[in-house]
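Participant: Enclosed is the structure file query.txt (compact mmCIF, C-alpha atoms and all ligand atoms).
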```txt
# COMPACT_ATOMS: atom_id res chain seq x y z
CA MET A 346 101.55 116.39 145.77
CA THR A 347 100.72 118.27 142.63
CA ASP A 348 97.25 117.74 141.20
CA PHE A 349 97.91 117.85 137.47
CA ARG A 350 94.31 116.99 136.63
CA GLN A 351 93.14 120.10 138.41
CA GLU A 352 95.85 122.18 136.75
CA ALA A 353 94.74 120.89 133.35
CA GLU A 354 91.07 121.66 134.18
CA ILE A 355 92.04 125.24 135.00
CA ILE A 356 93.55 125.82 131.54
CA PHE A 357 90.74 124.01 129.67
CA ASP A 358 89.48 127.20 127.98
CA GLU A 359 92.96 127.88 126.70
CA LEU A 360 93.25 124.32 125.35
CA VAL A 361 89.93 124.73 123.51
CA HIS A 362 91.01 128.09 122.15
CA TYR A 363 94.25 126.66 120.72
CA ARG A 364 92.58 123.53 119.38
CA ARG A 365 89.77 125.40 117.60
CA ASP A 366 92.16 127.91 116.10
CA PHE A 367 94.34 125.12 114.67
CA HIS A 368 91.17 123.35 113.53
CA ARG A 369 89.93 126.39 111.59
CA TYR A 370 93.21 126.73 109.71
CA PRO A 371 94.49 123.24 108.84
CA GLU A 372 97.76 122.85 106.93
CA LEU A 373 99.19 119.79 105.19
CA GLY A 374 102.51 118.17 106.11
CA PHE A 375 105.61 120.35 105.62
CA GLN A 376 103.30 123.32 104.96
CA GLU A 377 102.40 124.03 108.61
CA THR A 378 103.77 127.58 108.54
CA ARG A 379 100.88 129.44 110.21
CA THR A 380 100.57 126.62 112.74
CA ALA A 381 104.32 126.63 113.49
CA GLY A 382 104.21 130.41 113.97
CA ILE A 383 101.54 130.12 116.65
CA VAL A 384 103.32 127.22 118.36
CA ALA A 385 106.67 129.06 118.40
CA GLU A 386 105.16 132.31 119.67
CA SER A 387 103.19 130.55 122.40
CA LEU A 388 106.15 128.50 123.63
CA SER A 389 108.36 131.53 123.68
CA SER A 390 105.73 133.56 125.60
CA MET A 391 105.85 130.81 128.26
CA GLY A 392 109.59 131.34 128.59
CA LEU A 393 110.83 128.34 126.62
CA LYS A 394 113.86 128.52 124.37
CA VAL A 395 112.44 128.11 120.85
CA GLN A 396 113.95 126.84 117.60
CA ALA A 397 111.79 126.92 114.45
CA GLY A 398 112.26 125.42 110.99
CA ILE A 399 113.13 121.95 112.33
CA GLY A 400 112.51 119.42 109.53
CA LYS A 401 111.18 122.35 107.48
CA THR A 402 108.16 123.39 109.59
CA GLY A 403 108.76 121.78 112.98
CA VAL A 404 109.32 123.66 116.24
CA ILE A 405 111.31 122.77 119.36
CA GLY A 406 110.71 124.44 122.72
CA LEU A 407 113.15 123.72 125.54
CA LEU A 408 112.11 124.10 129.16
CA GLU A 409 115.25 124.04 131.28
CA GLY A 410 115.16 123.39 134.99
CA LEU A 411 117.55 125.04 137.42
CA ARG A 412 119.23 121.74 138.28
CA ASP A 413 120.68 118.90 136.22
CA GLY A 414 118.65 115.84 135.43
CA PRO A 415 117.28 113.82 132.54
CA THR A 416 115.92 115.25 129.30
CA VAL A 417 112.36 114.24 128.47
CA LEU A 418 111.21 114.58 124.86
CA LEU A 419 107.49 115.23 124.35
CA ARG A 420 106.45 114.97 120.72
CA PHE A 421 103.26 116.32 119.11
CA ASP A 422 102.28 116.11 115.45
CA MET A 423 101.03 119.13 113.51
CA ASP A 424 99.63 118.19 110.10
CA ALA A 425 96.09 118.04 108.74
CA LEU A 426 94.69 115.80 105.99
CA PRO A 427 93.34 116.31 102.45
CA VAL A 428 89.77 115.70 103.68
CA GLU A 429 86.80 118.01 103.09
CA GLU A 430 85.17 118.68 106.46
CA GLU A 431 81.47 117.84 106.84
CA ASN A 432 81.05 119.04 110.43
CA GLU A 433 78.82 122.06 110.91
CA VAL A 434 80.54 123.68 113.86
CA ASP A 435 81.68 127.25 114.23
CA TYR A 436 85.30 126.09 114.35
CA ALA A 437 85.02 124.07 111.10
CA SER A 438 87.89 124.20 108.63
CA GLN A 439 88.12 127.45 106.68
CA THR A 440 90.22 125.82 103.97
CA ILE A 441 88.39 123.92 101.26
CA GLY A 442 89.60 120.33 100.97
CA LEU A 443 91.72 120.32 104.15
CA MET A 444 90.79 119.22 107.63
CA HIS A 445 92.30 118.24 110.97
CA ALA A 446 90.58 114.85 110.69
CA CYS A 447 93.06 112.93 112.86
CA GLY A 448 93.07 115.14 115.96
CA HIS A 449 96.56 116.61 115.58
CA ASP A 450 94.97 120.02 116.32
CA GLY A 451 94.16 118.59 119.75
CA HIS A 452 97.67 117.15 120.14
CA MET A 453 99.22 120.58 119.61
CA ALA A 454 96.81 122.12 122.12
CA VAL A 455 97.79 119.39 124.61
CA GLY A 456 101.48 120.11 123.92
CA LEU A 457 101.05 123.80 124.59
CA GLY A 458 98.99 122.94 127.67
CA VAL A 459 101.72 120.67 129.09
CA ALA A 460 104.26 123.45 128.42
CA ARG A 461 102.00 125.96 130.20
CA VAL A 462 101.59 123.70 133.25
CA LEU A 463 105.24 122.59 133.53
CA ALA A 464 106.58 126.11 132.96
CA GLY A 465 105.00 126.92 136.32
CA TYR A 466 107.39 124.41 137.94
CA ARG A 467 110.58 125.61 136.28
CA ASN A 468 112.25 126.37 139.62
CA GLN A 469 111.66 122.83 140.83
CA ILE A 470 112.61 121.00 137.64
CA ALA A 471 115.81 118.94 137.64
CA GLY A 472 116.54 118.30 133.97
CA LYS A 473 115.00 119.49 130.73
CA VAL A 474 111.72 119.04 128.92
CA LYS A 475 112.06 119.20 125.16
CA PHE A 476 108.78 119.89 123.34
CA LEU A 477 109.00 118.72 119.74
CA PHE A 478 106.20 119.82 117.41
CA GLN A 479 106.73 117.56 114.40
CA PRO A 480 105.40 118.24 110.90
CA ALA A 481 104.08 115.76 108.38
CA GLU A 482 103.15 112.70 110.41
CA GLU A 483 100.55 111.46 107.90
CA GLY A 484 102.82 109.28 105.77
CA LEU A 485 105.09 112.10 104.62
CA GLY A 486 108.21 111.37 106.65
CA GLY A 487 108.08 114.18 109.22
CA ALA A 488 109.82 112.18 111.96
CA LEU A 489 112.77 111.41 109.69
CA ALA A 490 112.92 115.06 108.63
CA VAL A 491 113.19 116.36 112.21
CA MET A 492 115.69 113.63 113.09
CA ALA A 493 117.81 114.61 110.07
CA ASP A 494 117.67 118.14 111.50
CA ARG A 495 119.15 116.84 114.79
CA ALA A 496 115.96 117.08 116.83
CA LEU A 497 117.24 114.19 118.96
CA GLU A 498 120.54 115.89 119.77
CA ASN A 499 121.72 118.71 121.97
CA PRO A 500 120.20 117.90 124.37
CA LYS A 501 119.79 114.22 123.61
CA PRO A 502 116.59 112.93 125.22
CA ASP A 503 116.78 110.12 127.77
CA VAL A 504 113.13 109.25 127.34
CA ALA A 505 110.42 110.14 124.81
CA MET A 506 106.65 110.34 125.01
CA ALA A 507 103.82 111.02 122.60
CA LEU A 508 100.07 110.56 122.62
CA HIS A 509 97.11 110.25 120.32
CA LEU A 510 93.59 111.36 121.15
CA TRP A 511 91.69 108.22 120.21
CA ASN A 512 88.07 107.92 119.13
CA ASN A 513 88.18 104.12 119.31
CA ILE A 514 88.00 104.39 123.09
CA PRO A 515 85.62 106.44 125.24
CA ILE A 516 86.63 109.62 127.00
CA GLY A 517 87.95 108.91 130.46
CA GLN A 518 89.97 105.86 129.43
CA ILE A 519 93.69 105.78 128.63
CA ARG A 520 95.42 102.98 126.76
CA VAL A 521 99.04 102.19 127.62
CA THR A 522 100.80 99.09 126.32
CA THR A 523 104.27 97.72 127.01
CA GLY A 524 106.02 96.51 123.84
CA PRO A 525 104.57 96.89 120.33
CA THR A 526 101.53 99.17 120.29
CA MET A 527 101.17 100.36 116.68
CA ALA A 528 101.87 98.50 113.45
CA ALA A 529 104.66 98.75 110.90
CA SER A 530 103.29 100.43 107.79
CA SER A 531 104.34 100.85 104.20
CA ILE A 532 102.75 102.44 101.19
CA PHE A 533 102.74 100.81 97.78
CA THR A 534 101.96 102.22 94.36
CA LEU A 535 101.09 99.76 91.59
CA THR A 536 101.11 101.05 88.04
CA VAL A 537 99.25 98.91 85.53
CA LYS A 538 100.15 99.66 81.93
CA GLY A 539 97.91 98.80 78.99
CA LYS A 540 97.23 100.40 75.64
CA GLY A 541 94.75 103.25 75.30
CA GLY A 542 92.02 103.53 72.71
CA HIS A 543 88.36 104.29 71.92
CA GLY A 544 85.89 103.05 74.50
CA ALA A 545 83.71 101.65 71.70
CA ALA A 546 86.57 99.62 70.19
CA PRO A 547 87.97 97.78 73.22
CA HIS A 548 89.36 94.98 71.06
CA LYS A 549 91.93 97.40 69.65
CA SER A 550 93.22 98.41 73.08
CA VAL A 551 94.53 96.72 76.23
CA ASP A 552 92.37 97.88 79.14
CA PRO A 553 94.37 98.61 82.33
CA ILE A 554 91.19 99.44 84.30
CA LEU A 555 89.85 95.90 83.92
CA ALA A 556 93.20 94.46 84.98
CA ALA A 557 93.40 96.87 87.95
CA ALA A 558 89.93 95.84 89.12
CA HIS A 559 90.94 92.17 89.13
CA ILE A 560 94.18 93.01 90.94
CA VAL A 561 92.31 94.82 93.74
CA ALA A 562 90.06 91.81 94.28
CA ALA A 563 92.94 89.32 94.12
CA LEU A 564 95.09 91.24 96.64
CA GLN A 565 92.45 90.61 99.29
CA SER A 566 93.39 86.92 99.23
CA ILE A 567 96.90 87.63 100.57
CA VAL A 568 95.71 87.99 104.15
CA SER A 569 93.09 85.23 103.97
CA ARG A 570 95.22 82.64 102.09
CA ASN A 571 98.91 83.45 102.71
CA VAL A 572 99.10 84.75 106.28
CA ASP A 573 98.91 82.54 109.37
CA PRO A 574 95.38 83.11 110.74
CA LEU A 575 96.82 83.68 114.21
CA GLN A 576 98.89 86.64 112.95
CA SER A 577 97.72 90.12 111.91
CA VAL A 578 98.33 91.74 108.53
CA VAL A 579 96.31 94.37 106.68
CA VAL A 580 96.40 94.96 102.92
CA THR A 581 94.28 97.94 101.85
CA VAL A 582 93.97 99.64 98.47
CA GLY A 583 92.86 103.17 99.32
CA GLN A 584 93.21 104.95 96.01
CA ILE A 585 92.57 104.03 92.37
CA SER A 586 93.10 106.48 89.55
CA ALA A 587 92.75 105.96 85.82
CA GLY A 588 91.17 107.59 82.83
CA THR A 589 89.98 111.05 81.90
CA THR A 590 86.48 110.49 80.50
CA PHE A 591 83.76 107.85 79.88
CA ASN A 592 84.59 106.77 76.34
CA VAL A 593 88.37 106.53 76.34
CA ILE A 594 90.31 103.50 77.51
CA PRO A 595 93.36 104.95 79.29
CA GLU A 596 96.99 103.90 78.94
CA GLU A 597 97.45 103.12 82.59
CA ALA A 598 95.83 102.74 85.99
CA GLU A 599 97.39 103.45 89.36
CA LEU A 600 96.59 101.75 92.67
CA LYS A 601 97.86 103.07 95.99
CA GLY A 602 97.55 101.21 99.23
CA THR A 603 99.12 100.21 102.50
CA VAL A 604 100.41 97.10 104.25
CA ARG A 605 100.31 96.95 108.07
CA SER A 606 101.76 94.31 110.36
CA TYR A 607 103.63 93.71 113.61
CA ASN A 608 106.15 91.41 112.02
CA ASN A 609 108.88 92.13 109.45
CA GLU A 610 108.78 88.67 107.95
CA LEU A 611 105.03 88.88 107.32
CA HIS A 612 105.49 92.35 105.93
CA ARG A 613 107.97 91.02 103.39
CA LEU A 614 105.69 88.08 102.58
CA ALA A 615 102.78 90.45 101.88
CA TYR A 616 104.99 92.47 99.54
CA ARG A 617 106.28 89.45 97.68
CA ARG A 618 102.68 88.28 97.08
CA LEU A 619 101.55 91.80 96.15
CA LEU A 620 104.12 92.00 93.39
CA GLU A 621 103.55 88.43 92.17
CA MET A 622 99.82 88.90 92.00
CA ALA A 623 99.95 92.31 90.38
CA GLN A 624 102.42 91.15 87.72
CA ASN A 625 100.69 87.87 86.93
CA MET A 626 97.16 89.25 87.03
CA ALA A 627 98.22 92.14 84.78
CA ALA A 628 99.84 89.66 82.38
CA ALA A 629 96.60 87.65 82.24
CA PHE A 630 94.96 90.77 80.79
CA ARG A 631 97.95 91.53 78.52
CA CYS A 632 99.01 94.44 80.71
CA SER A 633 102.16 94.91 82.75
CA ALA A 634 102.52 96.03 86.36
CA THR A 635 105.29 97.70 88.33
CA MET A 636 105.39 98.46 92.03
CA GLU A 637 107.03 101.18 94.08
CA THR A 638 107.24 101.39 97.86
CA VAL A 639 107.20 105.03 98.87
CA ALA A 640 107.39 105.00 102.66
CA ILE A 641 107.94 102.60 105.53
CA VAL A 642 107.26 103.21 109.19
CA PRO A 643 108.51 100.72 111.79
CA THR A 644 106.38 99.25 114.57
CA VAL A 645 105.84 101.62 117.50
CA VAL A 646 107.42 99.79 120.44
CA ASN A 647 107.08 101.04 124.00
CA ALA A 648 109.94 100.36 126.42
CA SER A 649 108.90 98.86 129.73
CA GLU A 650 110.13 101.51 132.18
CA PRO A 651 108.58 104.54 130.38
CA ALA A 652 105.38 102.54 129.77
CA ALA A 653 105.21 101.84 133.50
CA ALA A 654 105.74 105.54 134.25
CA VAL A 655 102.91 106.52 131.90
CA ARG A 656 100.64 103.79 133.29
CA GLU A 657 101.28 105.06 136.81
CA ALA A 658 100.54 108.64 135.72
CA ALA A 659 97.36 107.59 133.88
CA THR A 660 96.22 105.65 136.94
CA ALA A 661 96.65 108.75 139.08
CA ILE A 662 94.61 110.83 136.59
CA VAL A 663 91.73 108.53 135.55
CA GLY A 664 91.85 105.64 138.05
CA GLU A 665 93.13 102.12 137.60
CA GLU A 666 89.86 100.77 136.17
CA ASN A 667 90.15 103.22 133.27
CA VAL A 668 93.69 102.33 132.21
CA ILE A 669 93.61 99.67 129.51
CA ALA A 670 96.08 97.96 127.15
CA GLY A 671 95.88 96.93 123.50
CA GLN A 672 97.31 97.16 120.01
CA THR A 673 96.11 98.81 116.80
CA MET A 674 96.91 98.34 113.10
CA GLU A 675 97.20 102.08 112.62
CA ALA A 676 100.79 103.31 112.27
CA GLU A 677 102.80 106.28 113.46
CA ASP A 678 106.19 107.67 112.54
CA MET A 679 106.92 108.01 116.27
CA GLY A 680 108.21 104.45 115.66
CA PHE A 681 111.39 106.01 114.21
CA ILE A 682 111.96 108.16 117.29
CA LEU A 683 111.33 105.21 119.63
CA GLU A 684 114.01 103.24 117.77
CA GLU A 685 116.50 105.88 118.98
CA VAL A 686 115.08 106.85 122.38
CA PRO A 687 113.26 104.54 124.83
CA GLY A 688 109.79 105.84 125.40
CA CYS A 689 106.05 105.41 125.43
CA TYR A 690 103.31 106.20 122.94
CA PHE A 691 99.86 106.14 124.52
CA PHE A 692 96.22 106.72 123.63
CA VAL A 693 93.77 109.07 125.28
CA GLY A 694 90.12 108.11 124.82
CA SER A 695 88.24 110.94 123.09
CA ALA A 696 84.93 109.46 121.88
CA ASN A 697 81.61 110.45 123.38
CA ASP A 698 78.74 108.38 121.94
CA GLU A 699 76.08 110.38 123.76
CA ILE A 700 76.86 113.57 121.87
CA GLY A 701 77.77 111.90 118.56
CA LEU A 702 81.52 112.50 118.84
CA ASN A 703 82.52 109.04 117.71
CA TYR A 704 83.36 109.17 114.01
CA PRO A 705 86.61 107.38 113.16
CA HIS A 706 89.87 109.22 112.54
CA HIS A 707 90.29 110.50 108.94
CA HIS A 708 86.48 110.68 108.48
CA PRO A 709 85.00 113.99 107.17
CA ARG A 710 82.84 114.13 110.33
CA PHE A 711 85.67 113.28 112.74
CA ASP A 712 85.55 115.36 115.91
CA PHE A 713 86.38 114.53 119.53
CA ASP A 714 85.26 115.39 123.05
CA GLU A 715 87.54 118.31 123.85
CA ARG A 716 87.63 117.38 127.54
CA ALA A 717 89.93 114.53 126.48
CA MET A 718 92.64 117.20 126.22
CA ILE A 719 92.46 117.60 130.01
CA TYR A 720 93.36 113.92 130.47
CA GLY A 721 96.09 114.23 127.84
CA VAL A 722 97.71 117.25 129.49
CA ALA A 723 97.39 115.86 133.00
CA THR A 724 98.78 112.40 132.16
CA MET A 725 101.69 113.75 130.15
CA ALA A 726 102.59 116.38 132.75
CA GLN A 727 102.40 113.77 135.52
CA ALA A 728 104.53 111.25 133.58
CA THR A 729 107.09 113.97 132.80
CA ALA A 730 107.13 114.99 136.47
CA HIS A 731 108.11 111.39 137.29
CA TYR A 732 111.44 112.10 135.56
CA VAL A 733 112.17 115.75 136.28
CA LEU A 734 110.18 116.84 139.33
CA ASN A 735 111.49 115.42 142.57
CA GLY A 736 108.89 114.65 145.16
CA ASN A 737 106.15 113.80 142.65
ZN ZN A 801 96.03 110.08 111.00
ZN ZN A 802 97.12 110.93 113.80
```
Represent the structure of the file as structure tokens.
Ligand SMILES: [Zn+2]
Ligand SMILES: [Zn+2]

Facilitator:
Amino acid sequence: MTDFRQEAEIIFDELVHYRRDFHRYPELGFQETRTAGIVAESLSSMGLKVQAGIGKTGVIGLLEGLRDGPTVLLRFDMDALPVEEENEVDYASQTIGLMHACGHDGHMAVGLGVARVLAGYRNQIAGKVKFLFQPAEEGLGGALAVMADRALENPKPDVAMALHLWNNIPIGQIRVTTGPTMAASSIFTLTVKGKGGHGAAPHKSVDPILAAAHIVAALQSIVSRNVDPLQSVVVTVGQISAGTTFNVIPEEAELKGTVRSYNNELHRLAYRRLLEMAQNMAAAFRCSATMETVAIVPTVVNASEPAAAVREAATAIVGEENVIAGQTMEAEDMGFILEEVPGCYFFVGSANDEIGLNYPHHHPRFDFDERAMIYGVATMAQATAHYVLNGN
């Protein structure tokens, strides 16, 4: 039987090389042109059939076996975040204001690693492995863009898998859950309109900043007072912008935030209360409020058979005692792909408290234990082998 953990260990230096290179040169969603170039060139050097420009900057690499069999889709995300890196490492971001703060640099390295390992088995593969490097996962609609570009056709995948390196769990553990595993997410923008004026004559203006501040505080009662305490909903305001200087009351204030849940009905309830509160609270301060929803991602739901295949693979790689289950309120646009193709999204522990690699995702000091990539490559290769490599 093939030892995929050993095979992944052997290419560890290559994984680190890829990951650090992507880390040095982060690119935002739909702008991953340098990144896509490296991905395409690497896949093609491994003998895969490559298509670039999928959903603008995505890349597909197709590994075709000699015999017929199922098509397995492996999806990896490519984009960085508008975060200024605070890590002092020699592979730190070279681009001011941008950083791979979610670990997608590691995901791409894992993807190229799985391609490297499985390409060595081409002669034994019955079926196809379709590597999809997807742009713009961070709330920008990359999954929908690649789907609109027919990424799920020709060949149509029978099963789909994706992973996230995960600093909420220690290195050496893998989290696989049957059913819902990541939350539905939407983004709201509230615009509060007032009337601008001189900061020293507030009585002649209508201050949208004051109204916005009350709205932010009031929104936090939605979860505590409107949602069943046995259910989970998150309402977060992550961005407030208003004003240009200290002594001018601006015309308007803008609040951006997100709602997360595992339940459509609760999601709608949160939105209804968001709008009611924003409008009524704004009116109390003689302002007006409007709301726009700019993106919605469905719940990430794992189908039972692929989840069992991944759990079995993870057990072979890290041992049964290190395979856990659980849910998270983070969201992922893999949810769209899993609505079309049965599959499994799983988490590879990447935190190492002993060496300080435990900052949360999206933090300016986020970094992960690179050895987690070994477990990622090995588990994904092993789970893929379950479908396309007979005798494994
Ligand atoms: Zn992220
Ligand atoms: Zn991410």

Participant: Report as a PyMOL selection string all protein, DNA and RNA residues lying within 10 Å of Ala546 of chain A, evaluated on all atoms listed in the file, omitting residues in the same chain fewer than 2 positions from it.

Facilitator: chain A and resi 542-544+548-550+592-594

Participant: A:Glu657, A:Asp552, A:Asp424, A:Glu354: which is nearest Glu372 of chain A, counting all atoms listed in the file?

Facilitator: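 Counting all atoms listed in the file, the residue closest to Glu372 of chain A is A:Asp424.
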
Participant: Between A:Leu611, A:Val455, A:Leu619, A:Ala471, which is the closest to Ala563 of chain A once you count only C-alpha atoms?

Facilitator: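 For Ala563 of chain A, the nearest of the candidates is A:Leu619.
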
Participant: Between A:Leu426, A:Ala730, A:Val551, A:Ile514, which one has atoms that come closest to ligand ZN 801 (chain A), using only C-alpha atoms and all ligand atoms?

Facilitator: A:Leu426

Participant: Would you compute the distance between atom CA of Lys601 of chain A and atom CA of Glu637 of chain A? Give it in Å to one decimal.

Facilitator: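 About the pair atom CA of Lys601 of chain A and atom CA of Glu637 of chain A: they are 9.6 Å apart.
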
Participant: Counting all atoms listed in the file, figure out which residue out of A:Ile383, A:Leu463, A:Ala676, A:Ala562 gets nearest to Thr526 of chain A.

Facilitator: A:Ala676

Participant: Using only C-alpha atoms, which protein or nucleic acid residues come within 10 Å of Pro415 of chain A? Drop anything in the same chain fewer than 5 positions from it, and give the result as a list in words.

Facilitator: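 Counting only C-alpha atoms, the residues come to Ile470, Ala471, Gly472, Lys473, Val474, Pro500, Lys501, Pro502, Asp503, Val504, Tyr732 and Val733 of chain A.
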
Participant: Kindly export the residues of the current selection with C-alpha atoms, as a PDB file, in the frame of the given file.

Facilitator:
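Okay, selection05.pdb is ready:
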```
ATOM      1  CA  ILE A 470     112.610 121.000 137.640  1.00  0.00           C
ATOM      2  CA  ALA A 471     115.810 118.940 137.640  1.00  0.00           C
ATOM      3  CA  GLY A 472     116.540 118.300 133.970  1.00  0.00           C
ATOM      4  CA  LYS A 473     115.000 119.490 130.730  1.00  0.00           C
ATOM      5  CA  VAL A 474     111.720 119.040 128.920  1.00  0.00           C
ATOM      6  CA  PRO A 500     120.200 117.900 124.370  1.00  0.00           C
ATOM      7  CA  LYS A 501     119.790 114.220 123.610  1.00  0.00           C
ATOM      8  CA  PRO A 502     116.590 112.930 125.220  1.00  0.00           C
ATOM      9  CA  ASP A 503     116.780 110.120 127.770  1.00  0.00           C
ATOM     10  CA  VAL A 504     113.130 109.250 127.340  1.00  0.00           C
ATOM     11  CA  TYR A 732     111.440 112.100 135.560  1.00  0.00           C
ATOM     12  CA  VAL A 733     112.170 115.750 136.280  1.00  0.00           C
TER      13      VAL A 733
END
```
